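Trainee: My structure file coords-v2.txt, compact mmCIF, C-alpha atoms and all ligand atoms, is below:
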```txt
# COMPACT_ATOMS: atom_id res chain seq x y z
CA MET A 1361 -37.21 141.45 -125.74
CA THR A 1362 -37.34 140.78 -122.13
CA GLY A 1363 -37.76 144.13 -120.43
CA GLN A 1364 -35.58 146.11 -122.77
CA GLN A 1365 -37.69 147.05 -125.75
CA VAL A 1366 -35.20 149.13 -127.67
CA SER A 1367 -31.45 149.04 -127.88
CA TRP A 1368 -29.81 151.46 -125.53
CA PRO A 1369 -27.57 153.91 -127.38
CA LEU A 1370 -24.01 152.85 -128.04
CA TRP A 1371 -21.17 155.07 -126.81
CA GLU A 1372 -17.55 154.98 -127.84
CA VAL A 1373 -15.18 155.17 -124.90
CA PHE A 1374 -11.89 157.10 -124.92
CA ILE A 1375 -9.50 156.98 -122.00
CA ARG A 1376 -6.55 159.14 -121.03
CA SER A 1377 -4.30 156.52 -119.52
CA ARG A 1378 -1.92 158.97 -117.81
CA ASN A 1379 -1.51 162.68 -117.37
CA GLY A 1380 -0.02 164.21 -120.47
CA LEU A 1381 -1.23 161.53 -122.88
CA HIS A 1382 -4.15 161.97 -125.20
CA HIS A 1383 -7.37 160.02 -124.92
CA ALA A 1384 -7.37 156.82 -126.91
CA HIS A 1385 -10.27 154.67 -128.02
CA VAL A 1386 -10.69 151.56 -125.86
CA GLY A 1387 -14.10 150.17 -126.76
CA SER A 1388 -17.77 150.85 -126.41
CA VAL A 1389 -20.63 150.55 -123.94
CA HIS A 1390 -24.41 150.73 -124.05
CA ALA A 1391 -26.08 153.28 -121.79
CA VAL A 1392 -29.31 155.23 -121.62
CA ASP A 1393 -27.53 158.54 -121.19
CA ALA A 1394 -24.11 160.16 -120.95
CA GLU A 1395 -23.90 159.82 -117.20
CA MET A 1396 -24.53 156.10 -117.29
CA ALA A 1397 -22.12 155.77 -120.20
CA VAL A 1398 -19.32 157.30 -118.11
CA GLU A 1399 -20.17 155.03 -115.17
CA ASN A 1400 -20.30 151.93 -117.33
CA ALA A 1401 -17.06 152.88 -119.05
CA ARG A 1402 -15.43 153.25 -115.66
CA ASP A 1403 -16.60 149.80 -114.56
CA VAL A 1404 -15.80 148.05 -117.81
CA TYR A 1405 -12.55 149.70 -118.86
CA THR A 1406 -10.78 151.01 -115.76
CA ARG A 1407 -10.83 148.24 -113.18
CA ARG A 1408 -7.03 148.39 -112.85
CA GLY A 1409 -6.29 152.07 -112.88
CA GLU A 1410 -6.11 152.20 -116.67
CA GLY A 1411 -7.16 155.81 -116.80
CA VAL A 1412 -7.29 159.28 -115.33
CA SER A 1413 -10.03 160.62 -117.59
CA ILE A 1414 -12.87 159.20 -119.67
CA TRP A 1415 -14.66 160.60 -122.70
CA VAL A 1416 -17.79 158.99 -124.03
CA VAL A 1417 -19.11 159.91 -127.46
CA PRO A 1418 -22.37 158.72 -129.01
CA SER A 1419 -21.28 156.21 -131.64
CA THR A 1420 -23.65 157.84 -134.11
CA ALA A 1421 -21.56 161.04 -133.86
CA ILE A 1422 -18.47 159.35 -135.26
CA VAL A 1423 -17.82 159.85 -138.94
CA ALA A 1424 -15.36 157.39 -140.36
CA SER A 1425 -13.42 157.23 -143.59
CA ASP A 1426 -14.63 154.57 -146.00
CA PRO A 1427 -12.36 151.51 -146.17
CA ALA A 1428 -12.91 151.59 -149.94
CA ASP A 1429 -11.16 154.98 -150.04
CA LYS A 1430 -8.10 153.65 -148.26
CA ASP A 1431 -5.82 153.80 -151.27
CA SER A 1432 -6.83 157.26 -152.44
CA LEU A 1433 -6.59 158.65 -148.91
CA PHE A 1434 -3.41 157.10 -147.65
CA GLU A 1435 -1.33 155.91 -150.55
CA PRO A 1436 -0.13 159.38 -151.57
CA ALA A 1437 1.83 159.57 -148.32
CA LEU A 1438 3.63 156.27 -148.80
CA ASP A 1439 6.20 157.39 -151.41
CA LYS A 1440 7.10 160.63 -149.65
CA ILE A 1441 9.93 159.19 -147.70
CA TYR A 1442 11.61 162.61 -147.66
CA ARG A 1443 9.12 163.55 -144.95
CA HIS A 1444 11.09 161.36 -142.56
CA PRO A 1445 14.37 162.43 -140.97
CA THR A 1446 16.01 159.15 -141.92
CA PHE A 1447 15.85 160.22 -145.58
CA TYR A 1448 18.72 162.65 -145.03
CA GLU A 1449 22.33 161.67 -144.69
CA ILE A 1450 24.27 163.68 -142.17
CA PRO A 1451 28.02 162.98 -141.79
CA ASP A 1452 29.17 161.59 -138.44
CA GLY A 1453 31.19 164.66 -137.51
CA VAL A 1454 28.19 166.96 -137.42
CA GLY A 1455 26.99 165.82 -134.02
CA ASN A 1456 23.38 165.88 -132.97
CA ILE A 1457 21.09 167.32 -135.59
CA MET B 1366 -12.85 131.82 -121.94
CA TYR B 1367 -13.94 128.88 -122.58
CA SER B 1368 -13.88 128.47 -126.27
CA GLN B 1369 -14.73 124.81 -126.54
CA GLY B 1370 -17.33 124.06 -129.10
CA LEU B 1371 -17.16 127.64 -130.20
CA ASP B 1372 -15.56 127.03 -133.53
CA GLN B 1373 -18.63 125.69 -135.22
CA ARG B 1374 -19.52 127.24 -138.48
CA ASP B 1375 -22.99 128.18 -139.54
CA ASP B 1376 -23.62 126.32 -142.75
CA ALA B 1377 -26.61 128.18 -144.07
CA PRO B 1378 -27.11 127.53 -147.78
CA ARG B 1379 -25.51 130.04 -150.10
CA ARG B 1380 -27.68 132.46 -151.94
CA VAL B 1381 -27.40 132.33 -155.73
CA ASP B 1382 -27.12 135.84 -157.03
CA ASP B 1383 -27.07 137.20 -160.51
CA PRO B 1384 -23.79 136.60 -162.39
CA ALA B 1385 -22.55 140.20 -162.20
CA ALA B 1386 -22.99 140.31 -158.46
CA THR B 1387 -21.30 136.93 -158.17
CA ALA B 1388 -18.28 138.12 -160.13
CA HIS B 1389 -18.07 141.23 -157.96
CA ASP B 1390 -18.36 139.05 -154.87
CA SER B 1391 -15.63 136.71 -155.95
CA ALA B 1392 -13.27 139.64 -156.53
CA LEU B 1393 -14.03 140.89 -153.03
CA HIS B 1394 -13.62 137.39 -151.73
CA ALA B 1395 -10.21 137.02 -153.33
CA ARG B 1396 -9.12 140.34 -151.82
CA PHE B 1397 -10.41 139.22 -148.42
CA ASP B 1398 -8.47 135.94 -148.61
CA GLU B 1399 -5.33 137.84 -149.58
CA ARG B 1400 -5.66 140.16 -146.63
CA VAL B 1401 -6.23 137.31 -144.20
CA ASP B 1402 -3.25 135.42 -145.62
CA ALA B 1403 -1.11 138.54 -145.22
CA GLU B 1404 -2.10 138.71 -141.52
CA GLU B 1405 -3.98 141.97 -142.05
CA LYS B 1406 -6.83 142.54 -139.62
CA ILE B 1407 -10.37 142.55 -140.94
CA GLU B 1408 -12.29 145.48 -139.46
CA PRO B 1409 -16.08 145.93 -139.06
CA ASN B 1410 -16.62 148.01 -142.19
CA ASP B 1411 -14.48 145.81 -144.42
CA TRP B 1412 -16.07 143.37 -146.81
CA MET B 1413 -16.18 139.83 -145.47
CA PRO B 1414 -17.88 136.63 -146.58
CA ASP B 1415 -21.25 135.98 -144.94
CA SER B 1416 -20.02 132.69 -143.57
CA TYR B 1417 -17.04 134.41 -141.89
CA ARG B 1418 -19.40 136.94 -140.34
CA ARG B 1419 -21.83 134.26 -139.12
CA THR B 1420 -19.05 132.09 -137.74
CA LEU B 1421 -17.62 135.02 -135.81
CA ILE B 1422 -20.98 136.13 -134.46
CA ARG B 1423 -21.59 132.64 -133.22
CA GLN B 1424 -18.13 132.11 -131.75
CA ILE B 1425 -17.82 135.53 -130.11
CA SER B 1426 -21.33 135.49 -128.68
CA GLN B 1427 -20.94 131.96 -127.32
CA HIS B 1428 -17.68 133.09 -125.81
CA ALA B 1429 -19.47 136.09 -124.24
CA HIS B 1430 -22.27 133.89 -122.89
CA SER B 1431 -19.64 131.60 -121.36
CA GLU B 1432 -18.06 134.51 -119.52
CA VAL B 1433 -21.45 135.57 -118.19
CA ILE B 1434 -22.66 132.11 -117.16
CA GLY B 1435 -19.15 131.43 -115.87
CA MET B 1436 -19.71 133.90 -113.05
CA GLN B 1437 -22.19 131.57 -111.38
CA PRO B 1438 -20.02 128.68 -110.17
CA GLU B 1439 -17.64 131.10 -108.47
CA GLY B 1440 -20.32 133.56 -107.42
CA ASN B 1441 -21.60 130.64 -105.37
CA TRP B 1442 -18.65 131.01 -102.97
CA ILE B 1443 -18.21 134.77 -102.64
CA THR B 1444 -20.22 134.98 -99.42
CA ARG B 1445 -18.43 131.95 -97.99
CA ALA B 1446 -14.83 132.82 -98.85
CA PRO B 1447 -12.59 131.87 -95.91
CA SER B 1448 -11.06 135.33 -95.43
CA LEU B 1449 -11.62 138.93 -96.42
CA ARG B 1450 -8.61 138.75 -98.74
CA ARG B 1451 -9.97 135.69 -100.53
CA LYS B 1452 -13.37 137.31 -100.75
CA ALA B 1453 -12.02 140.51 -102.29
CA VAL B 1454 -9.99 138.49 -104.79
CA LEU B 1455 -12.89 136.26 -105.79
CA LEU B 1456 -15.19 139.24 -106.16
CA ALA B 1457 -12.63 140.97 -108.38
CA LYS B 1458 -12.25 137.85 -110.50
CA VAL B 1459 -15.99 137.44 -110.99
CA GLN B 1460 -16.25 141.14 -111.89
CA ASP B 1461 -13.55 140.59 -114.49
CA GLU B 1462 -15.59 137.77 -116.03
CA ALA B 1463 -18.55 140.15 -116.33
CA GLY B 1464 -16.20 142.60 -118.04
CA HIS B 1465 -15.02 139.87 -120.42
CA GLY B 1466 -18.61 139.19 -121.36
CA LEU B 1467 -19.12 142.87 -122.12
CA TYR B 1468 -15.96 143.25 -124.22
CA LEU B 1469 -17.05 140.23 -126.22
CA TYR B 1470 -20.67 141.28 -126.70
CA ALA B 1471 -19.36 144.63 -127.95
CA ALA B 1472 -17.05 142.83 -130.39
CA ALA B 1473 -19.93 140.66 -131.65
CA GLU B 1474 -22.11 143.73 -132.12
CA THR B 1475 -19.61 145.20 -134.56
CA LEU B 1476 -20.68 142.39 -136.90
CA GLY B 1477 -24.22 143.71 -137.10
CA VAL B 1478 -26.07 141.80 -134.41
CA THR B 1479 -27.71 143.60 -131.49
CA ARG B 1480 -27.03 143.01 -127.81
CA GLU B 1481 -30.72 142.26 -127.27
CA GLU B 1482 -30.68 139.53 -129.90
CA LEU B 1483 -27.68 137.93 -128.28
CA VAL B 1484 -29.11 138.11 -124.78
CA ASP B 1485 -32.38 136.66 -126.07
CA GLN B 1486 -30.54 133.78 -127.71
CA LEU B 1487 -28.96 132.94 -124.38
CA LEU B 1488 -32.12 133.33 -122.29
CA GLU B 1489 -34.22 131.31 -124.71
CA GLY B 1490 -31.68 128.50 -124.69
CA ARG B 1491 -30.82 128.93 -128.38
CA ALA B 1492 -27.17 129.74 -127.72
CA LYS B 1493 -24.47 127.54 -126.32
CA TYR B 1494 -21.95 128.33 -123.65
CA SER B 1495 -19.01 126.34 -122.44
CA SER B 1496 -19.97 123.03 -120.87
CA ILE B 1497 -17.49 123.50 -118.02
CA PHE B 1498 -19.89 125.80 -116.19
CA ASN B 1499 -22.49 123.10 -115.89
CA TYR B 1500 -20.53 121.43 -113.12
CA PRO B 1501 -21.21 122.31 -109.48
CA THR B 1502 -18.78 124.01 -107.10
CA LEU B 1503 -19.06 121.82 -104.03
CA THR B 1504 -16.23 123.08 -101.83
CA TRP B 1505 -13.98 126.08 -101.42
CA ALA B 1506 -11.20 124.11 -103.12
CA ASP B 1507 -13.25 124.33 -106.31
CA MET B 1508 -12.38 128.05 -106.41
CA GLY B 1509 -8.76 126.99 -106.55
CA ALA B 1510 -9.32 124.30 -109.15
CA ILE B 1511 -11.39 126.59 -111.38
CA GLY B 1512 -8.85 129.40 -111.35
CA TRP B 1513 -5.93 127.06 -111.88
CA LEU B 1514 -7.47 124.63 -114.38
CA VAL B 1515 -10.45 126.32 -116.00
CA ASP B 1516 -8.87 129.74 -116.37
CA GLY B 1517 -5.62 127.96 -117.20
CA ALA B 1518 -7.30 126.09 -120.05
CA ALA B 1519 -9.00 129.32 -121.07
CA ILE B 1520 -5.64 131.06 -121.34
CA MET B 1521 -4.32 128.30 -123.62
CA ASN B 1522 -7.30 128.88 -125.85
CA GLN B 1523 -7.34 132.64 -125.66
CA VAL B 1524 -3.74 133.62 -126.19
CA PRO B 1525 -3.78 132.53 -129.85
CA LEU B 1526 -7.10 134.36 -130.30
CA CYS B 1527 -5.25 137.63 -129.65
CA ARG B 1528 -3.95 137.16 -133.20
CA CYS B 1529 -7.35 136.37 -134.66
CA SER B 1530 -7.98 137.91 -138.08
CA TYR B 1531 -11.00 139.89 -136.90
CA GLY B 1532 -9.73 143.12 -135.31
CA PRO B 1533 -12.39 143.75 -132.64
CA TYR B 1534 -12.24 140.14 -131.42
CA ALA B 1535 -8.44 140.16 -131.33
CA ARG B 1536 -8.40 143.42 -129.35
CA ALA B 1537 -10.98 142.14 -126.88
CA MET B 1538 -8.84 139.06 -126.39
CA VAL B 1539 -5.71 141.10 -125.69
CA ARG B 1540 -7.56 142.88 -122.91
CA ILE B 1541 -8.99 139.63 -121.57
CA CYS B 1542 -5.67 137.78 -121.60
CA LYS B 1543 -4.03 140.52 -119.54
CA GLU B 1544 -6.65 139.92 -116.88
CA GLU B 1545 -6.73 136.13 -117.03
CA SER B 1546 -3.28 135.57 -115.65
CA PHE B 1547 -4.37 136.94 -112.28
CA HIS B 1548 -7.30 134.50 -112.39
CA GLN B 1549 -5.08 131.52 -112.86
CA ARG B 1550 -2.55 132.61 -110.27
CA GLN B 1551 -5.12 133.27 -107.56
CA GLY B 1552 -6.54 129.78 -108.20
CA PHE B 1553 -3.14 128.16 -107.99
CA GLU B 1554 -2.47 130.06 -104.79
CA ILE B 1555 -5.64 128.61 -103.24
CA MET B 1556 -4.58 125.10 -104.30
CA LEU B 1557 -1.11 125.69 -102.91
CA THR B 1558 -2.40 126.89 -99.56
CA LEU B 1559 -4.75 123.93 -99.26
CA SER B 1560 -2.18 121.38 -100.36
CA ARG B 1561 0.27 122.69 -97.76
CA GLY B 1562 -2.43 122.70 -95.11
CA THR B 1563 -4.02 120.05 -92.91
CA ALA B 1564 -4.76 116.53 -94.15
CA GLU B 1565 -8.37 117.56 -94.58
CA GLN B 1566 -7.43 120.60 -96.66
CA THR B 1567 -5.10 118.54 -98.84
CA ALA B 1568 -7.86 116.02 -99.37
CA MET B 1569 -10.19 118.83 -100.35
CA ALA B 1570 -7.68 120.09 -102.93
CA GLN B 1571 -7.24 116.56 -104.31
CA ASP B 1572 -10.98 116.07 -104.55
CA ALA B 1573 -11.35 119.32 -106.50
CA LEU B 1574 -8.59 118.28 -108.91
CA ASP B 1575 -10.26 114.88 -109.32
CA ARG B 1576 -13.55 116.48 -110.29
CA TRP B 1577 -12.26 119.33 -112.50
CA TRP B 1578 -9.42 117.64 -114.39
CA TRP B 1579 -11.44 115.86 -117.05
CA PRO B 1580 -14.00 118.62 -117.61
CA ALA B 1581 -11.06 121.02 -118.04
CA LEU B 1582 -9.56 118.77 -120.74
CA MET B 1583 -12.93 118.69 -122.48
CA MET B 1584 -12.92 122.49 -122.67
CA PHE B 1585 -10.68 122.19 -125.71
CA GLY B 1586 -13.47 120.50 -127.60
CA PRO B 1587 -13.63 117.22 -129.47
CA HIS B 1588 -10.65 115.54 -131.10
CA ASP B 1589 -9.40 117.15 -134.29
CA SER B 1590 -10.73 114.19 -136.24
CA GLU B 1591 -14.25 114.98 -134.94
CA SER B 1592 -13.99 118.74 -135.18
CA THR B 1593 -15.37 119.31 -138.64
CA HIS B 1594 -15.31 123.09 -138.76
CA SER B 1595 -11.81 123.67 -137.48
CA GLU B 1596 -10.19 123.64 -140.89
CA GLN B 1597 -12.15 126.62 -142.17
CA SER B 1598 -11.53 128.56 -138.95
CA MET B 1599 -7.82 127.86 -139.33
CA ALA B 1600 -7.88 129.07 -142.93
CA TRP B 1601 -9.61 132.25 -141.80
CA LYS B 1602 -7.00 132.63 -139.06
CA ILE B 1603 -9.69 132.75 -136.41
CA LYS B 1604 -8.21 129.63 -134.91
CA ARG B 1605 -4.45 129.08 -134.82
CA PHE B 1606 -4.04 125.73 -133.12
CA SER B 1607 -6.18 122.62 -133.23
CA ASN B 1608 -8.15 121.35 -130.24
CA ASP B 1609 -5.75 118.47 -129.68
CA GLU B 1610 -2.68 120.71 -129.93
CA LEU B 1611 -4.08 123.06 -127.30
CA ARG B 1612 -5.11 120.19 -125.04
CA GLN B 1613 -1.59 118.77 -125.23
CA LYS B 1614 -0.06 122.16 -124.39
CA PHE B 1615 -2.37 122.42 -121.41
CA VAL B 1616 -1.48 118.96 -120.09
CA ASP B 1617 2.24 119.60 -120.59
CA ALA B 1618 2.02 122.87 -118.67
CA THR B 1619 -0.28 121.67 -115.91
CA VAL B 1620 1.01 118.24 -114.88
CA PRO B 1621 4.27 119.63 -113.44
CA GLN B 1622 2.19 122.17 -111.49
CA ALA B 1623 0.12 119.35 -110.01
CA LYS B 1624 3.36 117.64 -109.01
CA PHE B 1625 4.52 120.83 -107.35
CA LEU B 1626 1.29 120.85 -105.37
CA GLY B 1627 1.87 117.24 -104.41
CA LEU B 1628 -1.48 116.29 -105.91
CA ARG B 1629 -2.26 113.36 -108.16
CA VAL B 1630 -3.76 113.93 -111.61
CA PRO B 1631 -6.64 111.44 -111.82
CA ASP B 1632 -5.41 109.63 -114.92
CA ASP B 1633 -3.85 106.15 -114.72
CA ASP B 1634 -2.53 106.44 -118.26
CA LEU B 1635 -0.66 109.66 -117.63
CA HIS B 1636 3.10 109.44 -118.21
CA TYR B 1637 5.91 111.46 -119.66
CA ASP B 1638 7.18 110.35 -123.02
CA ASP B 1639 10.91 110.98 -123.29
CA ALA B 1640 10.90 110.53 -127.03
CA THR B 1641 8.40 113.32 -127.75
CA GLY B 1642 8.95 115.47 -124.67
CA HIS B 1643 5.20 115.45 -124.06
CA TYR B 1644 2.88 113.85 -121.55
CA VAL B 1645 0.75 111.00 -122.79
CA PHE B 1646 -2.68 111.07 -121.23
CA GLY B 1647 -5.91 109.11 -121.16
CA GLU B 1648 -9.15 109.64 -122.97
CA PRO B 1649 -11.81 111.96 -121.52
CA ASP B 1650 -15.29 110.50 -121.30
CA TRP B 1651 -16.72 111.95 -124.49
CA SER B 1652 -20.18 110.60 -123.80
CA GLU B 1653 -20.25 112.80 -120.70
CA PHE B 1654 -19.13 115.75 -122.83
CA ALA B 1655 -21.93 115.10 -125.31
CA ALA B 1656 -24.48 114.76 -122.53
CA VAL B 1657 -23.48 118.06 -120.92
CA LEU B 1658 -23.67 119.80 -124.30
CA ARG B 1659 -27.15 118.33 -124.78
CA GLY B 1660 -28.17 120.02 -121.56
CA GLU B 1661 -27.89 117.00 -119.31
CA GLY B 1662 -25.01 118.17 -117.15
CA PRO B 1663 -25.44 118.44 -113.40
CA CYS B 1664 -26.16 122.20 -113.45
CA ASN B 1665 -27.46 123.14 -116.93
CA ALA B 1666 -31.00 123.80 -115.74
CA GLN B 1667 -29.85 125.64 -112.63
CA ARG B 1668 -27.50 127.92 -114.60
CA MET B 1669 -30.18 128.90 -117.09
CA ALA B 1670 -32.84 129.39 -114.43
CA HIS B 1671 -30.50 131.61 -112.46
CA ARG B 1672 -29.58 133.70 -115.52
CA ARG B 1673 -33.24 134.20 -116.42
CA ARG B 1674 -34.11 135.12 -112.85
CA ALA B 1675 -31.26 137.63 -112.66
CA HIS B 1676 -32.40 139.13 -115.95
CA ASP B 1677 -36.00 139.39 -114.79
CA GLU B 1678 -35.03 140.85 -111.45
CA GLY B 1679 -33.02 143.52 -113.22
CA ARG B 1680 -35.95 144.60 -115.35
CA TRP B 1681 -37.13 147.36 -113.01
CA VAL B 1682 -33.61 148.81 -112.96
CA ARG B 1683 -33.49 148.96 -116.75
CA GLU B 1684 -36.95 150.48 -116.90
CA ALA B 1685 -36.08 153.07 -114.26
CA ALA B 1686 -32.91 154.01 -116.14
CA GLU B 1687 -34.89 154.44 -119.35
CA ALA B 1688 -37.53 156.54 -117.59
CA HIS B 1689 -34.86 158.71 -116.00
CA ALA B 1690 -33.11 159.25 -119.32
CA ALA B 1691 -36.41 160.17 -120.98
CA LYS B 1692 -37.15 162.72 -118.25
CA HIS B 1693 -33.67 164.28 -118.26
CA PRO B 1694 -32.51 164.06 -121.84
CA ARG B 1695 -29.30 165.98 -121.18
CA SER B 1696 -28.43 164.63 -117.79
CA GLY B 1697 -24.97 163.69 -116.73
CA GLY B 1698 -21.45 164.00 -117.99
CA THR B 1699 -19.28 167.06 -118.03
CA PRO B 1700 -19.05 168.73 -121.42
CA VAL B 1701 -15.39 168.54 -122.35
CA GLY B 1702 -13.13 171.35 -123.44
CA PRO B 1703 -11.99 172.71 -126.77
CA GLU B 1704 -9.64 169.82 -127.49
CA ALA B 1705 -12.56 167.44 -127.62
CA GLN B 1706 -14.55 169.94 -129.62
CA GLN B 1707 -11.79 170.16 -132.19
CA TRP B 1708 -11.59 166.45 -132.29
CA ALA B 1709 -15.32 166.19 -132.81
CA ASN B 1710 -15.32 168.87 -135.50
CA ALA B 1711 -12.46 167.23 -137.30
CA GLY B 1712 -14.39 164.00 -137.23
CA VAL B 1713 -17.42 165.59 -138.75
CA ARG B 1714 -15.42 167.10 -141.61
CA ALA B 1715 -13.39 163.99 -142.38
FE FE C 1801 -12.79 135.36 -118.60
FE FE C 1802 -11.04 134.20 -116.07
```
Can you turn what I pasted into structure tokens?

Mentor:
Amino acid sequence: MTGQQVSWPLWEVFIRSRNGLHHAHVGSVHAVDAEMAVENARDVYTRRGEGVSIWVVPSTAIVASDPADKDSLFEPALDKIYRHPTFYEIPDGVGNI
Amino acid sequence: MYSQGLDQRDDAPRRVDDPAATAHDSALHARFDERVDAEEKIEPNDWMPDSYRRTLIRQISQHAHSEVIGMQPEGNWITRAPSLRRKAVLLAKVQDEAGHGLYLYAAAETLGVTREELVDQLLEGRAKYSSIFNYPTLTWADMGAIGWLVDGAAIMNQVPLCRCSYGPYARAMVRICKEESFHQRQGFEIMLTLSRGTAEQTAMAQDALDRWWWPALMMFGPHDSESTHSEQSMAWKIKRFSNDELRQKFVDATVPQAKFLGLRVPDDDLHYDDATGHYVFGEPDWSEFAAVLRGEGPCNAQRMAHRRRAHDEGRWVREAAEAHAAKHPRSGGTPVGPEAQQWANAGVRA
């Protein structure tokens, strides 16, 4: 291709939107190195003060669960409603608990 | 955005596989249809029919190209904006359009196509972009008309795309839609200022409306009866409303705004229909639409030449960046603390 022989590495971008929150995935950018990835992420994903901190991670470093394993991974949690506080009935008189 | 003409399916012939594979495929296909019907999002690693993948690659990349080419008509006026405020606003808007292009290219890439392929398709003239950007921006009022009408039409198109069945596209559209409303408002503000200004300024605003009205209506694409691929896109929940439905919504929303501006919509057939509660409007010149799509619009050649020149002129920058990265393989970025490390480790074990 025209001046860019190989694909530049892809980086996943994570942004901490405010102090005290954790970084969340917002998208991805191409960049030759980490420094450029941070700069590109800033330009592409924080034009309106969306963040106070950026992480970039080479996309190749991400290991994902297989969508085919969805049932075996996540279904066991679905019937364990006793893990939620709403499962338990507390009489009105008890107050905050 | 600028999604007109972007809902065309790629009708490559189907491969005939061996029966076992076909049975397996049809089970996957049934599961896919179920998930789409249930409004579940399809994500990059999920199974999807080839035709769904091809349709999305085409639509999303054409959408991205439109954002990128769409910077040119407005870029034309950045240096001549009438005040520093207007200049800062226009610059910010054009930067947003570049960002929209990038969000969309990234979404298209999740479907297995590379950025280079997509850029090549555009530069070699193999990809389409919205015909609206092949019209010239002759006066400052065109900045108003584009923001108000073109971005306004784009919003009509894009809001339903936020619920598109393909996750990365839907998420890109959510981000884009948040930014578009500023685009439309700044355009309307320009029109308002001009239409409350001198007789000359009002005439300039009217002239811009006269020139952009019909091309804006054409952004929604051909009539439903001519739009052969819409049905499949609707079934896949890529598209939620038909071209004609969206065009009607746009007219209904925009005509009262024109009245507020004291400007005349250039359509002798335009009138409000009490019975339906909608505006009735005239027929765009579809032969003009077809001509612009064929590459015969006033600015097609100029837009492509400019894009190729910009790409060529950026070559040394790309090469320098690559050379720098090769020389300093670990340059840049601050290694992050233990929290990120844990996160990374957890990812590796998962
Ligand atoms: Fe845009
Ligand atoms: Fe826009």

Trainee: Report, in Å with one decimal, the straight-line distance from CA of Arg1680 (chain B) to CA of Val1398 (chain A).

Mentor: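 CA of Val1398 (chain A) lies 21.1 Å from CA of Arg1680 (chain B).
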
Trainee: Within 12 Å of Thr1446 (chain A), counting all atoms listed in the file, which residues qualify if same-chain residues fewer than 5 places away don't, as a PDB file with C-alpha atoms, in the frame of the given file?

Mentor:
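Everything below was put into around.pdb:
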```
ATOM      1  CA  LYS A1440       7.100 160.630-149.650  1.00  0.00           C
ATOM      2  CA  ILE A1441       9.930 159.190-147.700  1.00  0.00           C
ATOM      3  CA  ILE A1457      21.090 167.320-135.590  1.00  0.00           C
TER       4      ILE A1457
END
```

Trainee: Set the cut-off to 7 Å, count all atoms listed in the file, and list whatever residues fall near ligand FE 1801 (chain C) as a list of chain:residue names.

Mentor: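 Sorted by chain and then by number, the residues are B:Met1366, B:Glu1432, B:Asp1461, B:Glu1462, B:His1465, B:Ile1541, B:Glu1545.
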
Trainee: Output C-alpha atoms for every residue in that selection, as a PDB file, keeping the file's coordinate frame.

Mentor:
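So out.pdb came out as:
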```pdb
ATOM      1  CA  MET B1366     -12.850 131.820-121.940  1.00  0.00           C
ATOM      2  CA  GLU B1432     -18.060 134.510-119.520  1.00  0.00           C
ATOM      3  CA  ASP B1461     -13.550 140.590-114.490  1.00  0.00           C
ATOM      4  CA  GLU B1462     -15.590 137.770-116.030  1.00  0.00           C
ATOM      5  CA  HIS B1465     -15.020 139.870-120.420  1.00  0.00           C
ATOM      6  CA  ILE B1541      -8.990 139.630-121.570  1.00  0.00           C
ATOM      7  CA  GLU B1545      -6.730 136.130-117.030  1.00  0.00           C
TER       8      GLU B1545
END
```

Trainee: Work out how far CA of Tyr1494 (chain B) is from CA of Arg1550 (chain B), in Å to one decimal.

Mentor: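 So the two atoms, CA of Arg1550 (chain B) and CA of Tyr1494 (chain B), lie 24.0 Å apart.
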
Trainee: What does the structure give for the distance between CA of Glu1489 (chain B) and CA of Pro1587 (chain B), in Å to one decimal?

Mentor: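 CA of Glu1489 (chain B) sits 25.4 Å away from CA of Pro1587 (chain B).
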
Trainee: Please find the residues contacting ligand FE 1802 (chain C) at a distance of at most 9 Å between atoms, with all atoms listed in the file counted, and report them as JSON, numbers by chain.

Mentor: {"B": [1366, 1367, 1432, 1435, 1458, 1459, 1461, 1462, 1465, 1511, 1512, 1515, 1516, 1517, 1519, 1520, 1541, 1542, 1544, 1545, 1546, 1547, 1548, 1549]}

Trainee: Can you tell me which residues surround Ala1518 (chain B) at a distance of at most 10 Å, considering only C-alpha atoms, apart from same-chain residues fewer than 4 positions away, and format the answer as a VMD selection string?

Mentor: chain B and resid 1366 to 1369 1511 to 1514 1522 to 1523 1549 1581 to 1585 1611 to 1612 1614 to 1616 1618 to 1619

Trainee: At a cut-off of 6 Å around the point (-21.5, 157.4, -127.6) (file coordinates), what residues fall inside when counting only C-alpha atoms? I'd like the answer as a list in words.

Mentor: Leu1370, Trp1371, Glu1372, Val1416, Val1417, Pro1418 and Ser1419 of chain A

Trainee: Could you name the residues that touch region 1633-1639 of chain B at 9 Å or less, counting only C-alpha atoms, but leaving out those on the same chain fewer than 6 positions away, as a list in words?

Mentor: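 Answer for this query is Asp1617, Val1645, Phe1646, Gly1647 and Glu1648 of chain B.
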
Trainee: Give me the residues near Gln1622 (chain B) as a list of chain:residue names, where near means some atom within 9 Å (using only C-alpha atoms) and where sequence neighbours in that chain fewer than 5 positions away do not count.

Mentor: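 Final neighbour list, sorted by chain and number: B:Phe1553, B:Gly1627, B:Leu1628.
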
Trainee: Under the rule that only C-alpha atoms are counted, which of B:Thr1504, B:Ser1592, B:Thr1387, B:Ser1496 is the nearest residue to Glu1439 (chain B)?

Mentor: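 The shortest atom-to-atom distance to Glu1439 (chain B) comes from B:Thr1504.
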
Trainee: Name all residues at most 9 Å from region 1395-1399 of chain B (count all atoms listed in the file; drop same-chain ones fewer than 4 positions away) and give them as an MDAnalysis selection string.

Mentor: chainID B and resid 1390:1391 1403:1405 1407 1411:1414 1600:1601
